[in-house]
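What follows is the content of run_32.txt, which has compact mmCIF, C-alpha atoms:
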```
# COMPACT_ATOMS: atom_id res chain seq x y z
CA MET A 17 -5.14 29.46 6.86
CA LYS A 18 -3.66 26.61 4.83
CA LYS A 19 -4.73 26.53 1.19
CA ALA A 20 -5.35 23.46 -0.97
CA LEU A 21 -6.02 22.95 -4.66
CA VAL A 22 -8.58 20.16 -5.06
CA ALA A 23 -8.69 18.30 -8.38
CA MET A 24 -12.32 17.52 -9.20
CA SER A 25 -13.27 15.09 -11.96
CA GLY A 26 -16.99 15.47 -11.43
CA GLY A 27 -17.31 12.13 -9.65
CA VAL A 28 -18.14 11.09 -6.11
CA ASP A 29 -14.54 10.49 -4.99
CA SER A 30 -13.25 13.98 -5.67
CA SER A 31 -16.49 15.47 -4.33
CA LEU A 32 -15.97 13.86 -0.94
CA ALA A 33 -12.24 14.63 -1.04
CA LEU A 34 -13.15 18.33 -1.31
CA ALA A 35 -15.55 18.14 1.64
CA LEU A 36 -13.06 16.30 3.82
CA THR A 37 -10.36 18.85 3.05
CA LEU A 38 -12.69 21.66 4.07
CA ASP A 39 -13.44 19.76 7.28
CA GLU A 40 -9.72 19.85 8.08
CA GLY A 41 -9.72 23.63 7.96
CA TYR A 42 -8.16 24.23 4.54
CA GLU A 43 -9.16 27.10 2.32
CA CYS A 44 -9.91 25.29 -0.92
CA ALA A 45 -9.88 26.12 -4.60
CA ALA A 46 -11.46 23.51 -6.89
CA VAL A 47 -10.27 22.88 -10.45
CA THR A 48 -11.28 20.49 -13.21
CA MET A 49 -8.86 19.63 -15.99
CA ARG A 50 -10.16 19.85 -19.55
CA LEU A 51 -8.20 17.21 -21.43
CA HIS A 52 -10.23 16.53 -24.57
CA HIS A 53 -13.62 17.06 -26.21
CA TYR A 54 -14.44 13.57 -27.38
CA LYS A 55 -17.32 12.89 -25.03
CA ASP A 56 -18.93 16.23 -25.82
CA ASN A 57 -19.16 15.15 -29.45
CA GLY A 58 -20.85 11.89 -28.57
CA LEU A 59 -17.81 9.84 -29.55
CA VAL A 60 -17.22 8.21 -26.18
CA PRO A 61 -19.72 6.05 -24.23
CA VAL A 62 -21.16 7.12 -20.91
CA GLY A 63 -18.87 6.11 -18.05
CA VAL A 64 -15.65 7.39 -19.62
CA CYS A 65 -14.17 10.38 -17.84
CA GLY A 66 -13.92 13.88 -19.27
CA SER A 67 -16.94 15.79 -20.54
CA ALA A 68 -18.91 19.00 -20.22
CA GLU A 69 -21.29 17.07 -17.95
CA ASP A 70 -18.42 16.15 -15.65
CA VAL A 71 -17.33 19.78 -15.46
CA ALA A 72 -20.87 20.83 -14.59
CA ASP A 73 -21.11 18.21 -11.84
CA ALA A 74 -17.80 19.30 -10.34
CA LYS A 75 -18.85 22.94 -10.39
CA ALA A 76 -22.20 22.17 -8.76
CA VAL A 77 -20.57 20.30 -5.87
CA ALA A 78 -17.97 23.02 -5.35
CA GLN A 79 -20.59 25.74 -5.31
CA SER A 80 -22.73 23.76 -2.87
CA VAL A 81 -19.95 23.97 -0.28
CA GLY A 82 -19.02 27.56 -1.07
CA VAL A 83 -15.81 26.87 -3.00
CA SER A 84 -14.75 28.55 -6.22
CA HIS A 85 -14.40 26.32 -9.28
CA GLU A 86 -12.18 26.77 -12.30
CA VAL A 87 -11.66 24.79 -15.51
CA LEU A 88 -8.05 24.41 -16.63
CA ASP A 89 -7.66 23.75 -20.35
CA PHE A 90 -4.88 21.20 -20.77
CA THR A 91 -6.06 19.79 -24.09
CA ALA A 92 -2.84 20.68 -25.96
CA ASP A 93 -0.64 19.24 -23.19
CA PHE A 94 -2.77 16.11 -23.03
CA SER A 95 -2.45 15.57 -26.76
CA GLU A 96 1.33 15.96 -26.66
CA LYS A 97 2.14 14.15 -23.42
CA ILE A 98 -0.47 11.39 -23.36
CA VAL A 99 -2.10 10.71 -26.72
CA ASP A 100 0.94 10.94 -28.99
CA PRO A 101 3.15 8.71 -26.77
CA PHE A 102 0.24 6.24 -26.50
CA ILE A 103 0.21 5.91 -30.28
CA ALA A 104 3.99 5.70 -30.51
CA SER A 105 4.00 2.91 -27.93
CA TYR A 106 1.54 0.81 -29.91
CA GLU A 107 3.58 1.41 -33.05
CA ARG A 108 6.67 0.05 -31.26
CA GLY A 109 4.76 -3.10 -30.41
CA ASP A 110 4.26 -2.21 -26.73
CA THR A 111 1.05 -1.94 -24.72
CA PRO A 112 0.98 1.38 -22.84
CA ASN A 113 -0.97 2.51 -19.79
CA PRO A 114 -1.98 6.10 -20.61
CA CYS A 115 -3.81 6.54 -17.30
CA ILE A 116 -0.49 6.34 -15.48
CA GLU A 117 1.02 8.95 -17.80
CA CYS A 118 -2.04 11.17 -17.31
CA ASN A 119 -1.55 10.98 -13.56
CA ARG A 120 2.15 11.68 -13.96
CA TYR A 121 2.04 14.65 -16.33
CA MET A 122 -1.43 16.11 -15.85
CA LYS A 123 -2.49 15.58 -12.24
CA PHE A 124 0.90 15.70 -10.60
CA GLU A 125 2.83 18.02 -12.86
CA LYS A 126 0.44 20.48 -14.50
CA LEU A 127 -1.76 20.63 -11.41
CA MET A 128 1.27 21.11 -9.18
CA GLU A 129 2.19 24.12 -11.30
CA ALA A 130 -1.37 25.41 -10.98
CA ALA A 131 -1.31 24.93 -7.21
CA LYS A 132 1.92 26.90 -6.81
CA ALA A 133 0.58 29.68 -9.02
CA ARG A 134 -2.46 29.99 -6.74
CA GLY A 135 -0.50 29.93 -3.50
CA CYS A 136 -1.70 26.46 -2.52
CA GLU A 137 0.55 24.37 -0.32
CA ALA A 138 -1.37 21.13 -0.88
CA ILE A 139 -2.96 19.35 -3.81
CA VAL A 140 -5.86 16.99 -3.12
CA THR A 141 -7.30 14.23 -5.30
CA GLY A 142 -9.81 11.42 -4.86
CA HIS A 143 -7.26 8.65 -5.37
CA TYR A 144 -7.46 5.60 -3.12
CA ALA A 145 -3.98 5.56 -1.61
CA ARG A 146 -2.22 6.82 1.53
CA VAL A 147 0.78 9.05 2.16
CA GLU A 148 2.68 8.85 5.43
CA LYS A 149 6.06 10.02 6.64
CA ASP A 150 8.62 7.48 7.78
CA GLU A 151 9.89 9.09 10.96
CA ALA A 152 12.98 6.88 10.99
CA THR A 153 14.22 7.92 7.54
CA GLY A 154 12.36 11.18 7.00
CA ARG A 155 11.10 9.93 3.62
CA MET A 156 7.52 10.24 2.49
CA LEU A 157 5.91 6.88 1.85
CA LEU A 158 3.19 5.91 -0.61
CA LYS A 159 1.02 3.14 0.80
CA LYS A 160 -1.91 1.06 -0.38
CA ALA A 161 -5.44 2.20 0.41
CA VAL A 162 -7.29 0.53 3.26
CA ALA A 163 -9.95 -0.51 0.71
CA ALA A 164 -7.90 -3.14 -1.11
CA ALA A 165 -10.42 -3.49 -3.94
CA LYS A 166 -10.12 0.22 -4.78
CA ASP A 167 -6.38 0.68 -4.19
CA GLN A 168 -4.75 2.95 -6.79
CA SER A 169 -1.19 3.03 -5.48
CA TYR A 170 -0.08 1.17 -8.64
CA VAL A 171 -0.85 4.17 -10.86
CA LEU A 172 1.00 6.55 -8.53
CA TYR A 173 4.39 4.81 -8.31
CA PHE A 174 6.13 7.70 -10.11
CA LEU A 175 5.50 10.28 -7.38
CA THR A 176 8.60 12.09 -6.14
CA GLN A 177 9.44 13.02 -2.57
CA GLU A 178 8.60 16.65 -3.33
CA GLN A 179 5.23 15.70 -4.76
CA LEU A 180 4.41 13.31 -1.92
CA SER A 181 5.12 16.11 0.54
CA SER A 182 2.35 18.15 -1.05
CA VAL A 183 -0.34 15.65 -2.10
CA ARG A 184 -3.20 14.48 0.03
CA PHE A 185 -5.48 11.48 -0.58
CA PRO A 186 -8.34 11.75 1.95
CA LEU A 187 -10.09 8.60 0.71
CA GLY A 188 -7.14 6.32 1.39
CA TRP A 189 -8.41 5.43 4.86
CA TYR A 190 -11.97 4.49 3.83
CA GLU A 191 -12.81 0.80 3.94
CA SER A 192 -14.99 0.68 0.81
CA LYS A 193 -16.46 2.70 -2.07
CA ASP A 194 -19.91 2.14 -0.56
CA GLU A 195 -18.77 3.99 2.55
CA VAL A 196 -17.63 6.90 0.35
CA ARG A 197 -20.95 6.99 -1.49
CA LYS A 198 -22.95 6.92 1.75
CA GLU A 199 -21.03 9.85 3.19
CA ALA A 200 -21.34 11.81 -0.05
CA ALA A 201 -25.08 11.18 -0.08
CA ALA A 202 -25.36 12.26 3.54
CA ARG A 203 -23.75 15.56 2.53
CA GLY A 204 -26.29 15.97 -0.27
CA PHE A 205 -23.87 15.68 -3.18
CA SER A 206 -25.50 15.02 -6.54
CA THR A 207 -22.52 12.86 -7.52
CA ALA A 208 -23.13 10.27 -4.77
CA LYS A 209 -24.70 7.74 -7.14
CA LYS A 210 -22.68 8.61 -10.23
CA GLY A 211 -21.00 5.63 -11.88
CA ASP A 212 -17.24 5.10 -11.91
CA SER A 213 -15.21 6.14 -14.94
CA GLN A 214 -14.08 3.28 -17.14
CA ASP A 215 -11.70 2.64 -20.03
CA ILE A 216 -9.32 5.07 -21.68
CA CYS A 217 -11.04 8.44 -21.89
CA PHE A 218 -9.79 9.53 -25.32
CA VAL A 219 -10.39 6.27 -27.22
CA PRO A 220 -13.87 6.11 -28.76
CA ASP A 221 -15.67 2.89 -27.82
CA GLY A 222 -12.39 1.30 -26.71
CA ASP A 223 -11.37 0.68 -30.33
CA TYR A 224 -7.69 1.60 -30.02
CA ALA A 225 -6.76 0.59 -33.56
CA SER A 226 -9.43 2.72 -35.22
CA PHE A 227 -8.51 5.67 -33.05
CA ILE A 228 -4.82 5.34 -33.95
CA GLU A 229 -5.59 4.99 -37.67
CA LYS A 230 -7.81 8.08 -37.68
CA ARG A 231 -5.34 10.09 -35.64
CA THR A 232 -2.28 9.20 -37.72
CA GLY A 233 -3.87 8.74 -41.12
CA LYS A 234 -1.80 5.57 -41.49
CA ALA A 235 -2.78 2.14 -42.71
CA TYR A 236 -0.99 -0.52 -40.68
CA PRO A 237 0.00 -3.43 -42.93
CA ILE A 238 -1.37 -6.93 -42.84
CA GLY A 239 1.18 -9.57 -41.83
CA ASN A 240 1.50 -13.16 -40.71
CA PHE A 241 0.29 -14.93 -37.62
CA ILE A 242 2.94 -17.51 -36.75
CA ASP A 243 3.37 -20.13 -34.05
CA VAL A 244 6.34 -20.41 -31.71
CA ASP A 245 8.18 -22.49 -34.32
CA GLY A 246 7.67 -19.88 -37.04
CA LYS A 247 4.94 -21.74 -38.94
CA ILE A 248 2.49 -19.41 -40.69
CA LEU A 249 -1.01 -19.76 -39.26
CA GLY A 250 -2.84 -17.01 -41.12
CA LYS A 251 -2.98 -13.25 -41.63
CA HIS A 252 -3.25 -10.52 -39.00
CA GLN A 253 -4.81 -7.13 -39.71
CA GLY A 254 -2.04 -4.86 -38.41
CA LEU A 255 0.10 -5.10 -35.26
CA ILE A 256 -1.68 -2.27 -33.45
CA ARG A 257 -4.81 -4.44 -33.19
CA TYR A 258 -3.25 -6.97 -30.83
CA THR A 259 -2.01 -7.10 -27.25
CA ILE A 260 -0.08 -9.79 -25.38
CA GLY A 261 -2.38 -12.44 -23.94
CA GLN A 262 -5.25 -11.59 -26.30
CA ARG A 263 -7.49 -14.43 -27.46
CA LYS A 264 -10.66 -12.83 -28.80
CA GLY A 265 -10.75 -11.00 -32.11
CA LEU A 266 -7.92 -12.86 -33.82
CA GLY A 267 -10.14 -13.63 -36.79
CA ILE A 268 -8.76 -17.12 -37.50
CA ALA A 269 -9.86 -20.63 -36.52
CA LEU A 270 -7.07 -22.82 -35.19
CA GLY A 271 -8.79 -25.81 -33.62
CA GLU A 272 -7.63 -24.92 -30.09
CA PRO A 273 -7.48 -21.75 -28.00
CA MET A 274 -4.51 -19.62 -29.05
CA TYR A 275 -3.25 -16.34 -27.57
CA VAL A 276 -0.97 -13.50 -28.64
CA LYS A 277 2.48 -14.23 -27.24
CA GLU A 278 4.71 -11.78 -29.09
CA LYS A 279 4.69 -9.00 -31.70
CA ASN A 280 7.66 -8.45 -34.00
CA VAL A 281 7.57 -4.99 -35.57
CA ALA A 282 10.60 -5.55 -37.81
CA GLU A 283 9.09 -8.66 -39.38
CA ASN A 284 5.45 -7.57 -38.95
CA THR A 285 4.50 -10.87 -37.34
CA VAL A 286 2.26 -11.82 -34.43
CA THR A 287 3.23 -15.01 -32.61
CA LEU A 288 0.36 -17.11 -31.26
CA ALA A 289 0.73 -19.76 -28.58
CA ARG A 290 -1.18 -21.96 -26.18
CA ASN A 291 -1.97 -20.53 -22.77
CA ASP A 292 0.76 -22.58 -21.09
CA GLN A 293 3.31 -20.97 -23.45
CA LEU A 294 2.48 -17.43 -22.27
CA PHE A 295 4.36 -17.70 -18.99
CA SER A 296 7.70 -16.00 -18.31
CA ARG A 297 9.74 -15.74 -15.15
CA SER A 298 11.64 -12.47 -15.63
CA PHE A 299 11.77 -9.07 -17.27
CA ILE A 300 13.84 -5.90 -17.32
CA MET A 301 12.33 -2.55 -16.38
CA ASP A 302 13.61 0.95 -17.02
CA HIS A 303 12.70 4.51 -16.00
CA VAL A 304 12.49 3.34 -12.39
CA ASN A 305 11.35 5.65 -9.60
CA LEU A 306 12.10 4.64 -6.01
CA ILE A 307 9.96 6.02 -3.19
CA ASP A 308 10.73 4.38 0.13
CA ARG A 309 14.50 4.48 -0.40
CA GLU A 310 17.02 6.62 -2.22
CA LYS A 311 18.61 3.66 -3.99
CA MET A 312 18.60 -0.12 -4.15
CA THR A 313 22.11 -1.39 -3.50
CA GLY A 314 21.69 -5.06 -4.33
CA PRO A 315 19.25 -7.92 -4.97
CA THR A 316 16.10 -7.46 -2.90
CA HIS A 317 13.11 -9.75 -2.37
CA LEU A 318 9.86 -7.86 -2.91
CA SER A 319 6.36 -8.32 -4.26
CA VAL A 320 5.90 -7.08 -7.81
CA LYS A 321 2.71 -6.22 -9.67
CA PRO A 322 3.40 -6.36 -13.45
CA ARG A 323 0.09 -4.87 -14.60
CA TYR A 324 -2.83 -3.02 -13.03
CA LYS A 325 -5.15 -6.01 -12.61
CA ALA A 326 -2.43 -8.51 -11.78
CA ILE A 327 -1.93 -10.03 -8.37
CA GLU A 328 1.39 -9.18 -6.73
CA ALA A 329 3.90 -12.01 -6.86
CA PRO A 330 7.17 -12.51 -4.94
CA ALA A 331 10.28 -11.70 -6.95
CA LEU A 332 13.96 -10.91 -6.67
CA VAL A 333 14.68 -7.37 -7.90
CA THR A 334 18.27 -6.62 -8.91
CA PRO A 335 19.60 -3.18 -9.95
CA LEU A 336 21.76 -3.37 -13.08
CA ALA A 337 24.84 -1.33 -13.93
CA ASP A 338 23.01 0.59 -16.69
CA GLY A 339 20.31 1.89 -14.33
CA ARG A 340 17.71 -0.68 -15.31
CA TYR A 341 16.38 -3.42 -13.02
CA LEU A 342 16.04 -7.18 -13.48
CA VAL A 343 12.92 -8.71 -11.96
CA GLU A 344 12.91 -12.49 -11.46
CA PHE A 345 9.67 -14.00 -10.15
CA ASP A 346 9.67 -17.01 -7.86
CA GLU A 347 7.02 -18.52 -10.15
CA PRO A 348 6.40 -17.83 -13.88
CA GLN A 349 3.84 -15.11 -14.62
CA ARG A 350 1.34 -14.99 -17.47
CA ALA A 351 1.58 -12.56 -20.40
CA LEU A 352 4.26 -10.16 -19.17
CA THR A 353 4.03 -7.20 -21.53
CA THR A 354 6.43 -4.48 -22.61
CA GLY A 355 5.08 -0.97 -22.08
CA GLN A 356 3.23 -1.90 -18.91
CA ALA A 357 4.23 -0.56 -15.50
CA ALA A 358 5.69 -2.91 -12.90
CA VAL A 359 5.30 -1.75 -9.31
CA MET A 360 7.27 -3.09 -6.34
CA TYR A 361 5.77 -3.46 -2.87
CA ASN A 362 7.05 -4.24 0.59
CA GLY A 363 3.85 -5.11 2.40
CA ASP A 364 1.53 -2.16 1.88
CA VAL A 365 4.40 0.24 1.08
CA VAL A 366 5.20 1.12 -2.53
CA VAL A 367 8.95 0.65 -2.98
CA GLY A 368 8.80 2.10 -6.50
CA GLY A 369 8.18 1.07 -10.07
CA GLY A 370 9.15 1.37 -13.70
CA THR A 371 8.26 0.34 -17.25
CA ILE A 372 8.75 -3.16 -18.60
CA VAL A 373 11.09 -2.83 -21.60
CA PHE A 374 12.14 -6.44 -22.21
CA VAL A 375 10.58 -9.78 -21.32
CA CYS A 376 13.12 -12.56 -20.93
CA LYS A 377 12.44 -15.83 -22.76
```

When written as structure tokens, how does the structure in this file appear?
Amino acid sequence: MKKALVAMSGGVDSSLALALTLDEGYECAAVTMRLHHYKDNGLVPVGVCGSAEDVADAKAVAQSVGVSHEVLDFTADFSEKIVDPFIASYERGDTPNPCIECNRYMKFEKLMEAAKARGCEAIVTGHYARVEKDEATGRMLLKKAVAAAKDQSYVLYFLTQEQLSSVRFPLGWYESKDEVRKEAAARGFSTAKKGDSQDICFVPDGDYASFIEKRTGKAYPIGNFIDVDGKILGKHQGLIRYTIGQRKGLGIALGEPMYVKEKNVAENTVTLARNDQLFSRSFIMDHVNLIDREKMTGPTHLSVKPRYKAIEAPALVTPLADGRYLVEFDEPQRALTTGQAAVMYNGDVVVGGGTIVFVCK
């Protein structure tokens, strides 16, 4: 009998993913990753993933279908691979996406190791995405979920061919989250009505700056807000408190809406601008992973999504001699941000993606 390791977060998605995998005839082992203890200490609001309650919910569902459940303590790995780089990114003036890195290093690296150690040939998660084999090329493809509103292919762009050959996303073919909840309820799962996880799990109350200050013990210096011409507008309270495109929480009155356009770590300045000054047409991305092809040989027209909640936009993607890629949008895009992932699509197929490292003026 085929054996699968099912990653269970304690929510409805992974609960149904487990049941569907059993329906397909797999022998299943369920595991929940322990990544931190913040929520146990009351530091994180309800709705943020990762807690003793989540572990208990996952265990209850697994036991209800006769599957063993195990907790894997990855707290040290999570601190090193996710939290520390998150802080370093903010200190460089970037805006990171730690959920992508968690998927990369925890769910599809540490869990892959755990699956192999337990003799499992497949790893199953509750992600909304699809994996199919291209019979013409033999390559495994990552595709968008049928439920467009829930699609999570953006946060999975880093998956390798080896990983795609082993992962399974049973929810990728469902048309809506409501459909998932109804089926989970019909199976009697206690998680059927449980709310979705929100925000970054290890940041108390979403206050990134306070978390970073407490974690590092550093005080990030006050500096100048300036406009695009270099005129001083006021004082900022430390670069880590601001992200590109931000309007609220600036703490100064300027007579018109102003937004964060740029952060300069060397000069400790934050540039503010009008909304119409936030648009850029191109950026360079690095650390690119290609999925549907082995390499990109020349300029290629694709759709590119420059942040998780952005709408894909048509762009010309050109591989550069140094291994990086130049992305030039047909139309200027708002608040392109270093540190964010940019994911390329060809229809519903993920071509690949990388990290924005430079936004062109």

Exercise for the section: Write out as a PyMOL selection string each polymer residue whose atoms come within 7 Å of Thr176 in chain A, counting all atoms listed in the file; drop sequence neighbours fewer than 3 positions from it. Expected result: chain A and resi 179-180+307

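Considering all atoms listed in the file, the residue among A:Met301, A:Val47, A:Ile268, A:Ala78 positioned nearest to Leu336 in chain A is A:Met301.
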
Practice task
Take the point (14.4, -10.2, -8.3) in the file's coordinates, draw a sphere of radius 6 Å around it, and report as an MDAnalysis selection string every protein, DNA or RNA residue with an atom inside or on it, counting only C-alpha atoms.
Solution key: chainID A and resid 331:334 343:344

Exercise for the section: Mind giving me the straight-line distance from CA of Gly314 in chain A to CA of Ile116 in chain A in Å, one decimal? Expected result: 27.3 Å

Exercise for the section: Skip range 117-129 of chain A itself and residues of its chain fewer than 4 positions away, then list as a VMD selection string all residues within 7 Å of it, counting only C-alpha atoms. Expected result: chain A and resid 98 133 174

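CA of Tyr173 in chain A sits 24.2 Å away from CA of Gly261 in chain A.
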
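Surrounding range 353-365 of chain A within 7 Å are Asp110, Thr111, Pro112, Asn113, Leu157, Leu158, Lys159, Lys160, Tyr170, Tyr173, Ile260, Leu318, Ser319, Val320, Lys321, Pro322, Arg323, Gly370, Thr371, Ile372, Val373, Phe374 and Val375 of chain A, with only C-alpha atoms counted and residues fewer than 5 positions along the same chain left out.
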
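Going from CA of Ser25 in chain A over to CA of Leu306 in chain A, you cover 28.1 Å.
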
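Take the candidates A:Cys376, A:Lys234, A:Glu229, A:Lys97 and check each one against Glu278 in chain A using only C-alpha atoms; the shortest distance goes to A:Cys376.
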
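For range 185-199 of chain A, the list of residues within 7 Å, based on all atoms listed in the file and with local chain neighbours fewer than 2 positions off taken out, reads A:Val28, A:Ala33, A:Leu36, A:Val140, A:Thr141, A:Gly142, A:His143, A:Tyr144, A:Ala145, A:Arg146, A:Ala161, A:Val162, A:Ala163, A:Val183, A:Ala201, A:Ala202, A:Arg203, A:Ala208, A:Lys209.
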
Handout entry: Neighbour list for Ala92 in chain A as a PyMOL selection string, cut-off 9 Å, only C-alpha atoms, skip fewer than 4 positions in-chain
Key = chain A and resi 51-52+96-97

Export N, CA and C atoms of range 167-181 of chain A from the structure just given, as a CSV table (one decimal), in the first residue's frame?
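Output below, filename out.csv:
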```
chain,number,residue,atom,x,y,z
A,167,ASP,N,-6.5,30.5,-4.4
A,167,ASP,CA,-5.3,30.0,-5.0
A,167,ASP,C,-4.0,30.4,-4.2
A,168,GLN,N,-3.2,29.4,-4.0
A,168,GLN,CA,-1.9,29.6,-3.2
A,168,GLN,C,-0.7,29.2,-4.0
A,169,SER,N,-0.8,29.1,-5.3
A,169,SER,CA,0.3,28.8,-6.1
A,169,SER,C,1.4,29.8,-6.0
A,170,TYR,N,1.1,31.1,-5.7
A,170,TYR,CA,2.1,32.1,-5.5
A,170,TYR,C,3.1,31.7,-4.5
A,171,VAL,N,2.7,31.2,-3.4
A,171,VAL,CA,3.6,30.9,-2.2
A,171,VAL,C,4.3,29.6,-2.4
A,172,LEU,N,4.1,28.9,-3.6
A,172,LEU,CA,4.7,27.6,-3.8
A,172,LEU,C,5.7,27.6,-5.0
A,173,TYR,N,6.0,28.8,-5.5
A,173,TYR,CA,6.8,28.9,-6.8
A,173,TYR,C,8.2,28.3,-6.7
A,174,PHE,N,8.7,28.1,-5.5
A,174,PHE,CA,10.0,27.6,-5.3
A,174,PHE,C,10.2,26.1,-5.4
A,175,LEU,N,9.0,25.3,-5.5
A,175,LEU,CA,9.1,23.9,-5.5
A,175,LEU,C,9.9,23.3,-6.7
A,176,THR,N,10.7,22.3,-6.4
A,176,THR,CA,11.6,21.7,-7.4
A,176,THR,C,10.8,20.6,-8.1
A,177,GLN,N,11.4,20.1,-9.1
A,177,GLN,CA,10.8,18.9,-9.8
A,177,GLN,C,10.7,17.7,-8.9
A,178,GLU,N,11.8,17.5,-8.1
A,178,GLU,CA,11.7,16.4,-7.2
A,178,GLU,C,10.6,16.5,-6.2
A,179,GLN,N,10.4,17.7,-5.6
A,179,GLN,CA,9.4,17.9,-4.7
A,179,GLN,C,8.0,17.8,-5.3
A,180,LEU,N,7.8,18.4,-6.5
A,180,LEU,CA,6.6,18.3,-7.2
A,180,LEU,C,6.2,16.9,-7.5
A,181,SER,N,7.1,16.0,-7.7
A,181,SER,CA,6.9,14.6,-7.9
A,181,SER,C,6.3,13.9,-6.7
```
